[in-house]
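Participant: Provided below: work-v7.cif, containing mmCIF, C-alpha atoms.
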```
data_structure
loop_
_atom_site.label_atom_id
_atom_site.label_comp_id
_atom_site.auth_asym_id
_atom_site.auth_seq_id
_atom_site.Cartn_x
_atom_site.Cartn_y
_atom_site.Cartn_z
CA MET A 1 28.88 55.10 -38.80
CA ARG A 2 26.16 52.53 -38.59
CA GLN A 3 24.97 51.26 -35.19
CA LYS A 4 24.53 47.55 -34.62
CA ALA A 5 20.97 46.41 -33.98
CA ASN A 6 20.37 45.47 -30.37
CA ASN A 7 19.17 41.83 -30.54
CA ASN A 8 18.09 40.90 -27.05
CA GLY A 9 16.31 37.56 -26.78
CA PHE A 10 16.40 34.12 -28.32
CA SER A 11 15.93 33.11 -31.91
CA LEU A 12 13.12 30.80 -32.91
CA ILE A 13 15.48 27.89 -33.52
CA GLU A 14 16.95 28.22 -30.02
CA LEU A 15 13.48 28.11 -28.47
CA VAL A 16 12.51 25.06 -30.54
CA ILE A 17 15.68 23.22 -29.48
CA VAL A 18 14.98 23.96 -25.80
CA LEU A 19 11.37 22.74 -26.14
CA VAL A 20 12.51 19.52 -27.82
CA LEU A 21 15.02 18.86 -25.04
CA ILE A 22 12.35 19.46 -22.37
CA GLY A 23 10.03 17.06 -24.22
CA ILE A 24 12.71 14.36 -24.30
CA LEU A 25 13.44 14.77 -20.59
CA ALA A 26 9.72 14.59 -19.78
CA ALA A 27 9.30 11.45 -21.91
CA VAL A 28 12.09 9.76 -19.96
CA ALA A 29 11.10 10.98 -16.49
CA ILE A 30 7.30 10.55 -16.46
CA PRO A 31 7.26 6.72 -16.76
CA ARG A 32 9.70 6.48 -13.85
CA PHE A 33 7.39 8.45 -11.57
CA HIS A 34 4.17 6.80 -12.76
CA ASP A 35 4.67 3.67 -10.63
CA MET A 36 5.67 5.54 -7.48
CA GLN A 37 2.13 5.52 -6.05
CA ASP A 38 1.80 1.75 -6.50
CA ASN A 39 5.25 1.23 -4.96
CA ALA A 40 4.33 3.43 -1.99
CA GLN A 41 1.05 1.58 -1.46
CA GLU A 42 2.79 -1.80 -1.60
CA ALA A 43 5.38 -0.59 0.91
CA SER A 44 2.57 0.66 3.16
CA ILE A 45 0.80 -2.70 3.05
CA ARG A 46 4.02 -4.63 3.70
CA GLY A 47 4.86 -2.39 6.65
CA THR A 48 1.39 -2.69 8.17
CA LEU A 49 1.35 -6.47 7.72
CA GLY A 50 4.74 -6.80 9.39
CA ASN A 51 3.79 -4.56 12.32
CA ILE A 52 0.40 -6.15 13.00
CA ARG A 53 1.75 -9.69 12.63
CA SER A 54 4.54 -8.87 15.05
CA ALA A 55 2.01 -7.50 17.55
CA ILE A 56 -0.14 -10.63 17.14
CA HIS A 57 2.84 -12.87 17.88
CA ILE A 58 3.87 -10.78 20.88
CA TRP A 59 0.30 -11.10 22.22
CA ARG A 60 0.47 -14.88 21.66
CA SER A 61 3.88 -15.12 23.36
CA ASN A 62 2.53 -13.31 26.39
CA SER A 63 -0.48 -15.61 26.37
CA LEU A 64 1.72 -18.73 26.19
CA ALA A 65 3.85 -17.37 29.05
CA GLU A 66 0.65 -17.39 31.11
CA ARG A 67 0.03 -21.00 29.95
CA VAL A 68 -2.91 -20.07 27.76
CA ASP A 69 -2.75 -21.39 24.19
CA ALA A 70 -4.66 -18.70 22.30
CA TRP A 71 -4.40 -16.11 19.57
CA PRO A 72 -5.86 -12.63 20.07
CA PRO A 73 -9.66 -12.87 19.87
CA TYR A 74 -11.44 -11.19 16.98
CA ALA A 75 -13.69 -9.33 19.43
CA GLY A 76 -11.82 -6.11 20.12
CA PHE A 77 -9.21 -6.71 17.42
CA PRO A 78 -6.95 -4.82 16.72
CA GLN A 79 -7.33 -2.64 19.84
CA ASN A 80 -6.42 -5.62 22.02
CA VAL A 81 -3.14 -5.93 20.07
CA ILE A 82 -2.13 -2.38 19.12
CA ASP A 83 -2.73 0.94 20.88
CA VAL A 84 -3.30 3.00 17.73
CA PRO A 85 -6.11 2.99 15.18
CA MET A 86 -5.83 0.38 12.45
CA PRO A 87 -4.16 1.85 9.35
CA ALA A 88 -6.17 1.79 6.14
CA ASN A 89 -5.45 -0.70 3.38
CA PRO A 90 -4.67 1.65 0.46
CA TRP A 91 -5.54 -1.08 -2.07
CA ALA A 92 -8.96 -1.97 -0.68
CA ALA A 93 -11.55 -2.46 -3.43
CA GLY A 94 -13.73 0.50 -2.46
CA GLY A 95 -10.89 2.85 -1.56
CA ALA A 96 -8.73 2.95 1.55
CA ASP A 97 -10.40 1.05 4.37
CA ASN A 98 -9.25 0.16 7.88
CA ASN A 99 -11.92 -2.46 8.70
CA VAL A 100 -10.77 -5.86 9.87
CA SER A 101 -12.99 -8.78 8.79
CA ASP A 102 -13.34 -12.02 10.73
CA ALA A 103 -11.94 -14.68 8.41
CA ALA A 104 -13.26 -17.46 10.64
CA THR A 105 -16.82 -16.24 10.08
CA SER A 106 -16.44 -15.75 6.32
CA GLY A 107 -14.59 -19.06 5.89
CA ASP A 108 -11.67 -17.41 4.10
CA THR A 109 -8.14 -18.71 4.49
CA LYS A 110 -4.95 -16.68 4.28
CA GLY A 111 -4.61 -15.06 0.90
CA GLU A 112 -8.27 -15.35 -0.09
CA ILE A 113 -10.08 -12.14 -0.88
CA ASP A 114 -13.52 -11.51 0.60
CA GLY A 115 -15.27 -9.37 -2.00
CA GLY A 116 -17.91 -8.16 0.44
CA ASN A 117 -15.39 -6.63 2.80
CA ASN A 118 -12.53 -4.20 2.37
CA GLY A 119 -9.49 -3.54 4.46
CA TRP A 120 -7.93 -6.48 6.26
CA GLN A 121 -8.69 -10.10 7.23
CA TYR A 122 -7.84 -11.74 10.55
CA ASP A 123 -8.27 -15.41 11.52
CA GLN A 124 -8.35 -15.79 15.30
CA ASP A 125 -8.01 -19.57 15.03
CA THR A 126 -4.62 -19.43 13.30
CA GLY A 127 -3.40 -15.88 13.98
CA ASP A 128 -3.19 -15.20 10.23
CA PHE A 129 -3.54 -11.58 9.16
CA TRP A 130 -3.57 -10.39 5.54
CA ALA A 131 -4.63 -7.59 3.22
CA ASN A 132 -8.10 -8.07 1.75
CA SER A 133 -7.13 -6.93 -1.74
CA ASP A 134 -5.38 -8.48 -4.68
CA GLU A 135 -4.46 -5.57 -6.94
CA GLY A 136 -3.95 -1.84 -6.93
CA PRO A 137 -6.78 0.61 -7.62
CA ASP A 138 -5.66 1.04 -11.23
CA GLY A 139 -5.30 -2.72 -11.81
CA VAL A 140 -1.51 -2.47 -11.60
CA GLY A 141 0.60 -3.99 -8.88
CA THR A 142 -0.51 -6.51 -6.33
CA ALA A 143 -1.27 -6.75 -2.65
CA ASN A 144 -1.28 -10.54 -2.95
CA GLU A 145 1.65 -11.75 -0.88
CA ASN A 146 2.02 -14.85 -3.03
CA GLU A 147 3.18 -12.62 -5.88
CA TRP A 148 5.77 -10.57 -3.94
#
```
Before anything else, please render the file you have as structure tokens.

Facilitator:
Amino acid sequence: MRQKANNNGFSLIELVIVLVLIGILAAVAIPRFHDMQDNAQEASIRGTLGNIRSAIHIWRSNSLAERVDAWPPYAGFPQNVIDVPMPANPWAAGGADNNVSDAATSGDTKGEIDGGNNGWQYDQDTGDFWANSDEGPDGVGTANENEW
């Protein structure tokens, strides 16, 4: 009586089929995850803008309640508005930066980008606050609110 050969393992064709299927799944999945960093950075900027703008308007409301028509002064900003350190702008030109530039001094208006400064822009004359960047670090996406 002849014994059957003990074939433990996979044949070459089975391994090739599995590798092809993994390649197809990777080709479909990788593009979906590629934009996640840009989406996260945009969400971070939007959240920061909303929070800081809300704090600026609360400061102004308190000021108006005391019959003083003023926006928070640039001197001491943002510590005079928020109790935590200023979050970094993840799309700042030179990498993440949490500096706040005085738009009144640079002459910039809301939405303009000051190439010499990174981080954020604040105009104490109007209370405007915006991200000082117009596109993501890889040139994809935008931090320009006019394009959202």

Participant: Translate the PyMOL selection byres ((chain A and resi 129-131) around 10) into a concrete residue list for this structure, as a ChimeraX atom specification.

Facilitator: /A:45-46,48-50,52-53,56,88-92,100-103,109-113,118-124,126-128,132-134,143-145

Participant: Rounded to one decimal, what separation in Å do you get between atom CA of Pro73 of chain A and atom CA of Asp97 of chain A?

Facilitator: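 We find that atom CA of Pro73 of chain A and atom CA of Asp97 of chain A lie 20.8 Å from each other.
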
Participant: Please compute the atom CA of Ser63 of chain A-atom CA of Ser106 of chain A distance, one decimal, in Å.

Facilitator: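 Going from atom CA of Ser63 of chain A over to atom CA of Ser106 of chain A covers 25.6 Å.
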
Participant: Hey, can you check how far atom CA of Asp83 of chain A sits from atom CA of Asn98 of chain A?

Facilitator: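 Computing it gives 14.6 Å between the two atoms.
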
Participant: Find the residue from A:Ala29, A:Val84, A:Ala65, A:Ile17 that sits nearest to Asn51 of chain A; use all atoms listed in the file when measuring.

Facilitator: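 Residue with the minimum atom-to-atom distance to Asn51 of chain A: A:Val84.
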
Participant: Which residue gives the smallest distance to Gly107 of chain A among A:Asp125, A:Pro85, A:Ala43, A:Arg32, with all atoms listed in the file counted?

Facilitator: A:Asp125

Participant: Using all atoms listed in the file, can you tell me which of A:Ile82, A:Phe10, A:Pro87, A:Tyr74 comes closest to Thr105 of chain A?

Facilitator: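 Closest candidate: A:Tyr74.
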